[in-house]
Amino acid sequence: VSDAGTADLPSGPATARFDLEAAPAPLGFVQDLLNTRGALRSGIPDLLASVTAADRWAQQALGWIDISHSGGLCRDEKDLRALVAYREHLRSRLIGVARQPSTQTASLEDVPVLLTPDDEGWALKPAQKGVGLVIGIAAIAAYESGCNGTWERLKECANPQCHSVFFDRSRNNTRVWHSLSKCGNAINLRNSRQRRASTDTR
Ligand SMILES: [Zn+2]
């Protein structure tokens with residue numbers, strides 16, 4: 001258990017707000033960054049809405065994955081913009097999310113990481129501190145999950161009012177809702193009401 005006391009949580013601080021299980025490490029960190037977006041209509045706030053809130057999330061999230069560091073992780077508006085831009089950059093690459101114009105994220109294509117020798121060969125490590133550490137961890141996790149095939153199981157809930165990001169453990173990777181009872185049934189009910197309404201007015 002880390003000093004922050006969050007390493008034993010089943011999912012990251014942002015993901016836990018949706019009662020969701022964490023994606024397998026290290027992808028769970030990417031999932032948590034994506035889930036900072038929240039869901040305004042459900043009263044779940046954006047954890048990157050301010051420098052203070054973003055730093056608090058980053059400290060908790062690094063505690064959760066048991067990474068020790070010192071100093072601030074989101075120290076000013078510039079850090080905040082970089083973190084939000086990287087979150088949107090990752091989100092635009094999720095399966096099922098419409099590709100977005102790259103203007104906002106263009107400067108973040110090159111995240112500084114180090115290739116260092118380790119016991120098993122080579123390892124990628126974040127090359128910076130502060131917000132660069134947070135972005136570096138997320139970038140390396142996304143890269144590694146792209147290599148091992150788990151990236152395509154990370155999905156955004158199909159309920160447009162939800163947007164929570166879940167890891168699909170179904171055998172055929174066919175889930176579209178983060179929770180069938182919370183989001184799947186709500187959408188199905190709305191669709192059937194609309195169908196009924198359009199039938200009634202004929
Ligand atoms: Zn949902």
# chains A, B, ... in the order shown; residues from 1 in each chain; ligands from 1
>>> residues_around(residues="A:Arg81", least_positions_apart="3", cutoff="10 Å", atoms="only C-alpha atoms", output="VMD selection string")
chain A and resid 48 50 to 51 74 76 to 78 84 to 87 104
>>> residues_around(residues="A:Ile44", least_positions_apart="4", cutoff="9 Å", atoms="only C-alpha atoms", output="compact mmCIF listing (two decimals) with N, CA, C and O atoms, in the first residue's frame")
# COMPACT_ATOMS: atom_id res chain seq x y z
N ARG A 17 -15.83 6.14 -9.56
CA ARG A 17 -17.06 6.94 -9.50
C ARG A 17 -18.19 6.33 -10.33
O ARG A 17 -19.36 6.65 -10.15
N PHE A 18 -17.81 5.46 -11.29
CA PHE A 18 -18.82 4.82 -12.13
C PHE A 18 -19.08 3.38 -11.68
O PHE A 18 -19.71 2.61 -12.41
N ARG A 37 -13.30 12.59 -17.21
CA ARG A 37 -14.27 13.45 -17.91
C ARG A 37 -15.59 13.56 -17.16
O ARG A 37 -16.27 14.57 -17.26
N GLY A 38 -15.95 12.50 -16.44
CA GLY A 38 -17.20 12.55 -15.68
C GLY A 38 -18.42 12.48 -16.57
O GLY A 38 -18.33 12.17 -17.77
N ALA A 39 -19.57 12.75 -16.00
CA ALA A 39 -20.84 12.74 -16.73
C ALA A 39 -21.70 13.81 -16.09
O ALA A 39 -22.33 13.59 -15.06
N LEU A 40 -21.71 14.99 -16.71
CA LEU A 40 -22.35 16.14 -16.07
C LEU A 40 -23.82 15.89 -15.75
O LEU A 40 -24.31 16.28 -14.70
>>> closest_residue(among="A:Ser68, A:Thr36, A:Gln31, A:Gln161", to="ligand 1", atoms="only C-alpha atoms and all ligand atoms")
A:Gln161
>>> select_by_dssp(residues="stretch 5-195 of chain A", states="strand (DSSP E or B)", output="CSV table (one decimal) with N, CA and C atoms, in the first residue's frame")
chain,number,residue,atom,x,y,z
A,39,ALA,N,-19.6,12.8,-16.0
A,39,ALA,CA,-20.8,12.7,-16.7
A,39,ALA,C,-21.7,13.8,-16.1
A,44,ILE,N,-21.7,13.8,-12.1
A,44,ILE,CA,-20.3,13.3,-11.9
A,44,ILE,C,-19.3,14.3,-12.5
A,95,ILE,N,-12.0,2.8,-29.7
A,95,ILE,CA,-12.9,2.2,-30.6
A,95,ILE,C,-14.3,2.8,-30.4
A,113,VAL,N,9.6,9.9,-23.7
A,113,VAL,CA,9.8,8.7,-23.0
A,113,VAL,C,11.2,8.2,-23.2
A,114,LEU,N,11.7,7.4,-22.3
A,114,LEU,CA,13.1,6.9,-22.4
A,114,LEU,C,13.0,5.4,-22.6
A,115,LEU,N,13.9,5.0,-23.5
A,115,LEU,CA,14.1,3.5,-23.7
A,115,LEU,C,15.3,3.1,-22.9
A,116,THR,N,15.0,2.3,-21.8
A,116,THR,CA,16.2,2.0,-20.9
A,116,THR,C,16.3,0.4,-20.8
A,117,PRO,N,17.5,0.0,-20.7
A,117,PRO,CA,17.7,-1.5,-20.5
A,117,PRO,C,17.2,-1.9,-19.1
A,118,ASP,N,16.6,-3.1,-19.1
A,118,ASP,CA,16.2,-3.7,-17.8
A,118,ASP,C,16.5,-5.2,-17.8
A,121,GLY,N,15.3,-6.9,-21.0
A,121,GLY,CA,15.7,-6.4,-22.3
A,121,GLY,C,15.6,-4.9,-22.2
A,122,TRP,N,14.4,-4.3,-22.7
A,122,TRP,CA,14.3,-2.9,-22.7
A,122,TRP,C,12.9,-2.5,-22.1
A,123,ALA,N,12.9,-1.3,-21.5
A,123,ALA,CA,11.7,-0.8,-20.9
A,123,ALA,C,11.5,0.6,-21.3
A,124,LEU,N,10.2,1.0,-21.5
A,124,LEU,CA,9.9,2.4,-21.7
A,124,LEU,C,9.7,3.1,-20.3
A,125,LYS,N,10.2,4.3,-20.1
A,125,LYS,CA,10.0,5.0,-18.9
A,125,LYS,C,9.7,6.5,-19.2
A,126,PRO,N,8.8,7.1,-18.4
A,126,PRO,CA,8.6,8.5,-18.6
A,126,PRO,C,9.9,9.3,-18.4
A,154,LEU,N,-10.9,-1.5,-24.6
A,154,LEU,CA,-11.2,-0.3,-23.8
A,154,LEU,C,-12.2,0.5,-24.6
A,155,LYS,N,-13.4,0.8,-24.0
A,155,LYS,CA,-14.5,1.4,-24.8
A,155,LYS,C,-15.2,2.4,-24.0
A,156,GLU,N,-15.8,3.4,-24.7
A,156,GLU,CA,-16.6,4.4,-24.1
A,156,GLU,C,-18.1,3.9,-24.1
A,165,VAL,N,-15.7,5.0,-19.3
A,165,VAL,CA,-14.8,4.1,-20.1
A,165,VAL,C,-14.6,2.8,-19.4
A,166,PHE,N,-15.0,1.7,-20.0
A,166,PHE,CA,-14.9,0.4,-19.4
A,166,PHE,C,-14.0,-0.5,-20.2
A,167,PHE,N,-13.7,-1.6,-19.5
A,167,PHE,CA,-12.8,-2.6,-20.2
A,167,PHE,C,-13.7,-3.8,-20.4
>>> residues_near_ligand(ligand="ligand 1", cutoff="7 Å", atoms="only C-alpha atoms and all ligand atoms", output="list in words")
Cys157, Ala158, Asn159, Cys162, His163, Ser164, Trp177, His178, Ser179, Lys182 and Cys183 of chain A
>>> residues_around(residues="stretch 19-22 of chain A", least_positions_apart="5", cutoff="7 Å", atoms="only C-alpha atoms", output="PyMOL selection string")
chain A and resi 10-12+28+166
>>> closest_residue(among="A:Leu34, A:Leu62, A:Leu180, A:Ala197", to="A:Leu94", atoms="only C-alpha atoms")
A:Leu34
>>> residues_around(residues="A:Thr150", least_positions_apart="2", cutoff="10 Å", atoms="only C-alpha atoms", output="ChimeraX atom specification")
/A:23-24,27,142,144-148,152-154,167-169
